[in-house]
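J.: Input structure: model15.txt, which contains compact mmCIF, C-alpha atoms.
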```
# COMPACT_ATOMS: atom_id res chain seq x y z
CA MET Y 346 -5.15 -36.76 15.72
CA ILE Y 347 -6.45 -33.36 14.59
CA GLU Y 348 -2.90 -31.98 14.34
CA ASP Y 349 -1.88 -34.77 11.97
CA ALA Y 350 -4.86 -34.09 9.70
CA ALA Y 351 -4.03 -30.36 9.66
CA PHE Y 352 -0.41 -31.15 8.84
CA GLU Y 353 -1.43 -33.33 5.91
CA ARG Y 354 -3.98 -30.77 4.72
CA TYR Y 355 -1.92 -27.58 4.98
CA VAL Y 356 1.73 -28.61 4.83
CA ILE Y 357 2.20 -31.55 2.49
CA PRO Y 358 0.63 -29.80 -0.57
CA GLU Y 359 3.18 -26.98 -0.19
CA ILE Y 360 6.31 -29.14 -0.35
CA GLU Y 361 7.01 -28.29 -4.02
CA VAL Y 362 6.83 -24.53 -3.41
CA LEU Y 363 8.97 -24.88 -0.30
CA LEU Y 364 11.58 -26.76 -2.31
CA ARG Y 365 11.60 -24.15 -5.07
CA VAL Y 366 12.03 -21.27 -2.62
CA ALA Y 367 14.60 -23.23 -0.61
CA GLY Y 368 16.52 -23.70 -3.86
CA SER Y 369 16.46 -19.92 -4.39
CA LEU Y 370 17.69 -19.30 -0.85
CA THR Y 371 20.46 -21.91 -0.80
CA ARG Y 372 21.43 -22.28 -4.50
CA ASN Y 373 22.21 -25.87 -3.62
CA HIS Y 374 19.87 -28.78 -4.19
CA ALA Y 375 21.00 -30.99 -1.28
CA GLU Y 376 20.92 -28.03 1.11
CA ALA Y 377 17.47 -27.07 -0.16
CA GLU Y 378 16.16 -30.56 0.68
CA ASP Y 379 17.70 -30.44 4.15
CA LEU Y 380 16.24 -26.99 4.71
CA VAL Y 381 12.75 -28.14 3.72
CA GLN Y 382 13.10 -31.23 5.92
CA ASP Y 383 13.93 -29.03 8.94
CA THR Y 384 11.07 -26.72 7.98
CA LEU Y 385 8.65 -29.66 7.96
CA ILE Y 386 9.76 -30.68 11.45
CA ARG Y 387 9.26 -27.14 12.78
CA ALA Y 388 5.89 -26.88 11.04
CA TYR Y 389 4.78 -30.17 12.61
CA ARG Y 390 5.82 -28.90 16.03
CA GLY Y 391 3.83 -25.71 15.51
CA ILE Y 392 0.77 -27.01 13.65
CA ASP Y 393 -1.44 -26.93 16.77
CA ARG Y 394 -0.87 -23.14 16.99
CA PHE Y 395 -1.56 -22.51 13.29
CA ASP Y 396 -4.97 -20.93 12.61
CA GLY Y 397 -5.41 -22.39 9.13
CA ARG Y 398 -5.15 -19.06 7.28
CA TYR Y 399 -2.51 -18.54 4.59
CA PRO Y 400 -0.62 -21.81 5.10
CA ARG Y 401 1.92 -21.00 2.39
CA ALA Y 402 2.91 -17.68 3.98
CA TRP Y 403 3.07 -19.38 7.39
CA LEU Y 404 5.34 -22.11 6.00
CA LEU Y 405 7.54 -19.63 4.14
CA THR Y 406 8.05 -17.70 7.39
CA ILE Y 407 9.16 -20.95 9.06
CA LEU Y 408 11.40 -21.69 6.08
CA ARG Y 409 13.01 -18.26 6.34
CA ASN Y 410 13.63 -18.56 10.09
CA THR Y 411 14.98 -22.09 9.69
CA HIS Y 412 17.32 -20.88 6.94
CA ILE Y 413 18.63 -18.07 9.17
CA ASN Y 414 19.17 -20.46 12.09
CA ARG Y 415 20.97 -22.98 9.91
CA ASN Y 416 23.25 -20.30 8.50
CA ARG Y 417 24.18 -19.07 11.97
CA ARG Y 418 25.72 -22.47 12.54
CA ARG Y 419 27.63 -22.41 9.26
CA ARG Y 420 30.61 -20.69 7.76
CA PRO Y 421 29.94 -17.02 6.93
CA ALA Y 422 31.22 -17.65 3.41
CA LEU Y 423 28.05 -19.59 2.65
CA LEU Y 424 26.07 -16.41 3.22
CA ARG Y 425 27.70 -14.36 0.48
CA GLU Y 426 24.65 -13.45 -1.49
CA SER Y 427 26.57 -12.09 -4.45
CA ASP Y 428 27.97 -15.57 -5.04
CA MET Y 429 24.51 -17.08 -4.75
CA ALA Y 430 23.07 -14.57 -7.16
CA SER Y 431 25.71 -15.18 -9.78
CA ASP Y 432 25.12 -18.93 -9.47
CA ARG Y 433 21.48 -18.40 -10.22
CA LEU Y 434 22.18 -16.16 -13.17
CA ALA Y 435 24.68 -18.66 -14.55
CA THR Y 436 22.05 -21.35 -14.25
CA ALA Y 437 19.49 -19.13 -15.90
CA ALA Y 438 21.83 -18.21 -18.74
CA ALA Y 439 22.65 -21.86 -19.38
CA ASP Y 440 19.00 -22.77 -19.35
CA ASP Y 441 17.62 -23.04 -22.84
CA ARG Y 442 13.94 -23.26 -21.85
CA THR Y 443 12.73 -20.30 -23.85
CA ASP Y 444 9.28 -19.90 -25.25
CA GLY Y 445 8.98 -19.40 -28.97
CA PHE Y 446 7.89 -15.79 -28.64
CA VAL Y 447 10.80 -14.78 -26.44
CA ASP Y 448 13.55 -13.17 -28.45
CA ASP Y 449 17.11 -14.23 -27.51
CA GLY Y 450 18.39 -10.65 -27.35
CA PHE Y 451 15.46 -9.58 -25.21
CA ASP Y 452 15.90 -12.61 -22.95
CA ALA Y 453 19.65 -12.07 -22.54
CA GLU Y 454 19.23 -8.36 -21.85
CA ILE Y 455 16.69 -9.07 -19.11
CA LEU Y 456 19.06 -11.50 -17.43
CA ARG Y 457 21.85 -8.94 -17.66
CA ALA Y 458 19.55 -6.30 -16.19
CA LEU Y 459 18.58 -8.69 -13.39
CA GLY Y 460 22.24 -9.38 -12.66
CA ALA Y 461 22.97 -5.65 -12.50
CA LEU Y 462 20.33 -5.03 -9.81
CA ASP Y 463 21.28 -4.58 -6.17
CA GLU Y 464 20.76 -7.77 -4.19
CA LEU Y 465 17.73 -6.39 -2.30
CA PHE Y 466 15.90 -5.70 -5.55
CA ARG Y 467 17.07 -8.83 -7.37
CA ARG Y 468 15.78 -11.07 -4.57
CA VAL Y 469 12.27 -9.71 -4.86
CA VAL Y 470 12.20 -10.14 -8.64
CA GLU Y 471 13.44 -13.72 -8.28
CA LEU Y 472 10.81 -14.63 -5.69
CA VAL Y 473 7.85 -12.99 -7.43
CA ASP Y 474 8.63 -13.16 -11.16
CA ILE Y 475 10.72 -16.34 -11.32
CA ASP Y 476 9.44 -18.41 -8.38
CA GLY Y 477 5.88 -17.14 -8.75
CA LEU Y 478 5.19 -16.06 -5.16
CA THR Y 479 2.58 -13.46 -4.26
CA TYR Y 480 3.66 -10.20 -2.63
CA ALA Y 481 2.62 -11.51 0.80
CA GLU Y 482 4.53 -14.77 0.31
CA ALA Y 483 7.68 -12.96 -0.82
CA ALA Y 484 7.31 -10.70 2.23
CA ALA Y 485 7.22 -13.79 4.45
CA VAL Y 486 10.42 -15.17 2.87
CA LEU Y 487 12.32 -11.90 3.20
CA GLY Y 488 10.85 -10.83 6.55
CA VAL Y 489 9.77 -7.38 5.30
CA PRO Y 490 6.36 -5.67 4.95
CA VAL Y 491 4.31 -6.22 1.80
CA GLY Y 492 4.69 -2.53 0.98
CA THR Y 493 8.46 -2.98 0.86
CA ILE Y 494 8.05 -5.87 -1.59
CA MET Y 495 5.81 -3.71 -3.79
CA SER Y 496 8.16 -0.74 -3.85
CA ARG Y 497 11.27 -2.86 -4.46
CA LEU Y 498 9.53 -4.76 -7.22
CA HIS Y 499 8.37 -1.55 -8.87
CA ARG Y 500 11.86 -0.04 -8.81
CA ALA Y 501 13.52 -3.26 -9.97
CA ARG Y 502 11.19 -3.73 -12.93
CA THR Y 503 11.51 -0.07 -13.86
CA ARG Y 504 15.29 -0.49 -13.99
CA ILE Y 505 14.94 -3.58 -16.16
CA ARG Y 506 12.53 -1.72 -18.45
CA ASP Y 507 14.91 1.29 -18.66
CA ARG Y 508 17.74 -1.02 -19.67
CA LEU Y 509 15.59 -2.56 -22.39
CA ASP Y 510 14.75 0.95 -23.59
CA ARG Y 511 18.41 1.90 -23.80
CA ALA Y 512 19.16 -1.30 -25.70
CA GLY Y 513 16.33 -0.50 -28.11
CA LEU Y 514 14.55 -3.75 -27.17
CA SER Y 515 11.32 -2.59 -25.60
CA PRO Y 516 8.23 -1.99 -27.76
CA ARG Y 517 8.05 1.67 -26.71
CA SER Y 518 11.67 2.33 -27.74
CA HIS Y 519 10.42 2.00 -31.35
CA MET Y 520 7.74 4.67 -30.93
CA MET E 329 -18.45 19.29 -21.38
CA THR E 330 -18.89 16.09 -23.36
CA ARG E 331 -16.54 13.13 -23.03
CA TRP E 332 -15.08 13.54 -26.54
CA MET E 333 -14.41 17.24 -25.94
CA MET E 334 -12.57 16.48 -22.71
CA THR E 335 -10.49 13.87 -24.49
CA LEU E 336 -9.73 16.40 -27.27
CA LEU E 337 -8.56 18.93 -24.69
CA GLY E 338 -6.35 16.36 -22.96
CA ARG E 339 -8.55 16.11 -19.88
CA THR E 340 -9.57 12.81 -18.36
CA PRO E 341 -13.35 12.21 -18.36
CA PRO E 342 -14.92 11.40 -14.99
CA GLY E 343 -14.52 7.74 -14.05
CA ARG E 344 -11.53 7.31 -16.35
CA LEU E 345 -7.91 6.99 -15.27
CA ASP E 346 -5.18 9.18 -16.74
CA CYS E 347 -1.73 7.91 -17.77
CA HIS E 348 -0.13 8.87 -14.47
CA GLN E 349 -2.77 6.98 -12.47
CA VAL E 350 -2.37 3.94 -14.70
CA ALA E 351 1.44 4.03 -14.41
CA GLU E 352 1.13 4.01 -10.61
CA ARG E 353 -1.06 0.88 -10.67
CA LEU E 354 0.19 -0.90 -13.77
CA GLN E 355 2.45 -3.44 -12.11
CA HIS E 356 -0.12 -4.37 -9.48
CA TYR E 357 -2.60 -4.81 -12.31
CA LEU E 358 -0.26 -7.09 -14.26
CA ASP E 359 0.45 -9.08 -11.08
CA GLY E 360 -3.28 -9.54 -10.44
CA HIS E 361 -3.05 -7.66 -7.14
CA ILE E 362 -5.84 -5.20 -7.82
CA ASP E 363 -9.62 -5.26 -7.42
CA ALA E 364 -11.87 -6.06 -10.38
CA LYS E 365 -13.33 -2.55 -10.72
CA ARG E 366 -9.92 -0.88 -10.96
CA ALA E 367 -8.66 -3.64 -13.23
CA ARG E 368 -11.49 -2.89 -15.69
CA ARG E 369 -10.66 0.82 -15.66
CA ILE E 370 -6.98 0.13 -16.28
CA ALA E 371 -7.80 -2.33 -19.06
CA ALA E 372 -10.01 0.31 -20.70
CA HIS E 373 -7.18 2.84 -20.58
CA LEU E 374 -4.66 0.36 -22.02
CA GLU E 375 -7.03 -0.29 -24.91
CA GLU E 376 -7.18 3.40 -25.78
CA CYS E 377 -3.69 4.66 -24.93
CA ARG E 378 -0.93 3.40 -27.21
CA ARG E 379 1.91 4.57 -24.97
CA CYS E 380 0.55 2.91 -21.81
CA GLY E 381 -0.38 -0.17 -23.86
CA MET E 382 3.23 -0.52 -24.96
CA GLU E 383 4.44 0.01 -21.41
CA ALA E 384 2.18 -2.83 -20.29
CA GLU E 385 3.38 -5.01 -23.15
CA THR E 386 7.01 -4.48 -22.12
CA TYR E 387 6.33 -5.46 -18.50
CA GLU E 388 4.31 -8.48 -19.59
CA ARG E 389 7.22 -9.68 -21.74
CA VAL E 390 9.66 -9.11 -18.87
CA LYS E 391 7.45 -11.16 -16.55
CA ALA E 392 7.00 -13.94 -19.13
CA THR E 393 10.74 -14.12 -19.80
CA LEU E 394 11.59 -14.34 -16.11
CA ALA E 395 8.86 -16.92 -15.45
CA ALA E 396 10.38 -19.09 -18.20
CA HIS E 397 13.45 -19.43 -15.97
CA ARG E 398 11.47 -20.97 -13.10
CA SER E 399 13.38 -24.05 -12.01
CA ASN E 400 11.81 -27.47 -12.11
CA VAL E 401 11.80 -29.18 -8.75
CA PRO E 402 12.81 -32.85 -9.16
CA ALA E 403 9.89 -35.19 -8.56
CA THR E 404 12.18 -37.52 -6.59
CA SER E 405 12.87 -34.72 -4.07
CA ILE E 406 9.17 -33.97 -3.68
CA ASP E 407 8.41 -37.68 -3.16
CA ARG E 408 11.20 -38.11 -0.62
CA LEU E 409 10.04 -35.12 1.43
CA ARG E 410 6.39 -36.10 1.12
CA GLN E 411 7.23 -39.54 2.54
CA PHE E 412 9.24 -37.86 5.29
CA ALA E 413 6.25 -35.62 6.12
CA GLU E 414 3.92 -38.63 6.24
CA ARG E 415 6.30 -40.43 8.61
CA LEU E 416 6.35 -37.28 10.78
CA ALA E 417 2.55 -37.26 10.91
CA ARG E 418 2.57 -40.95 11.95
CA GLY E 419 5.14 -40.26 14.67
CA ASP E 420 7.80 -42.36 12.93
CA GLU E 421 10.38 -39.54 12.74
CA PRO E 422 12.19 -37.80 15.63
CA LEU E 423 11.23 -34.11 15.99
CA THR E 424 14.81 -32.85 16.05
CA THR E 425 16.44 -30.61 13.44
```
Any chance you could put this one into structure tokens?

T.:
Amino acid sequence: MIEDAAFERYVIPEIEVLLRVAGSLTRNHAEAEDLVQDTLIRAYRGIDRFDGRYPRAWLLTILRNTHINRNRRRRPALLRESDMASDRLATAAADDRTDGFVDDGFDAEILRALGALDELFRRVVELVDIDGLTYAEAAAVLGVPVGTIMSRLHRARTRIRDRLDRAGLSPRSHM
Amino acid sequence: MTRWMMTLLGRTPPGRLDCHQVAERLQHYLDGHIDAKRARRIAAHLEECRRCGMEAETYERVKATLAAHRSNVPATSIDRLRQFAERLARGDEPLTT
């Protein structure tokens, strides 16, 4: 069937990205897999209405809506984003995958600056700078316009940069 | 007025971007969300302006540091979901969530 070919062409190659973003949304590996599985089912149901443009953004919108629907059926405690954010930061802090050029003090200060951001701003930085999504893809995950992603990202990075300046860790703080 | 005189007087020559214009577009430039013509003009400014060059360097290091924390998705999870998707496409899975 044509729908099956479209599903294999557009959906299956995006499973890794879906899993990564689902991990960011749920902070739980098993839940992330379940979320992607439900997303795949919804995508299969809707593939005949998909026009073939921007499959990743289309799938991320489905992922977001599936995540919201799943959470409506769950305990509100699971939705506490501050807990989820601190989990991610703890994971990041424990992660020792640092490139040779990245200074430990610089690295740690950035993570502290990220942790100090309001949730709205931190989410955008996580999706774009950590998960590697484009502005449009991050907009699909968060359900906001691309312009909102751009302005939040700009403000968030400026705050991180200001913190590095105050800590004397940015190149320009030595000017 | 010649280009070098304008630069000496702190004015931006025609076709060049000033620091304020570069600051407004810098993050889009570093994210690759800008057209090639503007990208060339920003790159030219960053080559010449030490202050903006350092600003760009800071943001590039921030981006590189954050990208280093990208989580690895287990291959077993990808395989399991890929197999699930293939079963869906063959009609071997129920379409209920």

J.: Ranking E:Arg369, E:Arg408, E:Lys391, E:His356 by minimum distance to Ile494 in chain Y and counting all atoms listed in the file, which one comes first?

T.: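 The closest residue to Ile494 in chain Y is E:His356.
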
J.: For range 398-405 of chain E, please output as a ChimeraX atom specification all residues within 8 Å (counting all atoms listed in the file; exclusion window: fewer than 6 positions along the same chain).

T.: /Y:361,364-365,378,475-476

J.: Residues of chain Y within 8 Å of chain E, using all atoms listed in the file, as a ChimeraX atom specification?

T.: /Y:349,352-353,357,360-361,364-365,378,381-383,385-387,389-390,437,440,442-444,447,452,455,474-477,499,502,506,515-517

J.: What is the CA of Arg511 in chain Y to CA of Ala351 in chain E distance in Å?

T.: 19.5 Å

J.: How many Å separate CA of Arg366 in chain E from CA of Ala484 in chain Y?

T.: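 That distance, rounded to one decimal, is 23.8 Å.
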
J.: How many Å lie between CA of Arg401 in chain Y and CA of Arg418 in chain Y, rounded to one decimal?

T.: 25.9 Å

J.: Excluding same-chain residues fewer than 4 positions from Leu487 in chain Y, what lies within 9 Å of it counting all atoms listed in the file, as a list in words?

T.: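 Selected residues are Thr406, Arg409, Arg468, Val469, Glu482, Ala483 and Ile494 of chain Y.
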
J.: Limited to C-alpha atoms, could you put the picked residues into a file as an mmCIF file, keeping the file's coordinate frame?

T.:
```cif
data_model
loop_
_atom_site.group_PDB
_atom_site.id
_atom_site.type_symbol
_atom_site.label_atom_id
_atom_site.label_comp_id
_atom_site.auth_asym_id
_atom_site.auth_seq_id
_atom_site.Cartn_x
_atom_site.Cartn_y
_atom_site.Cartn_z
ATOM 1 C CA THR Y 406 8.050 -17.700 7.390
ATOM 2 C CA ARG Y 409 13.010 -18.260 6.340
ATOM 3 C CA ARG Y 468 15.780 -11.070 -4.570
ATOM 4 C CA VAL Y 469 12.270 -9.710 -4.860
ATOM 5 C CA GLU Y 482 4.530 -14.770 0.310
ATOM 6 C CA ALA Y 483 7.680 -12.960 -0.820
ATOM 7 C CA ILE Y 494 8.050 -5.870 -1.590
#
```
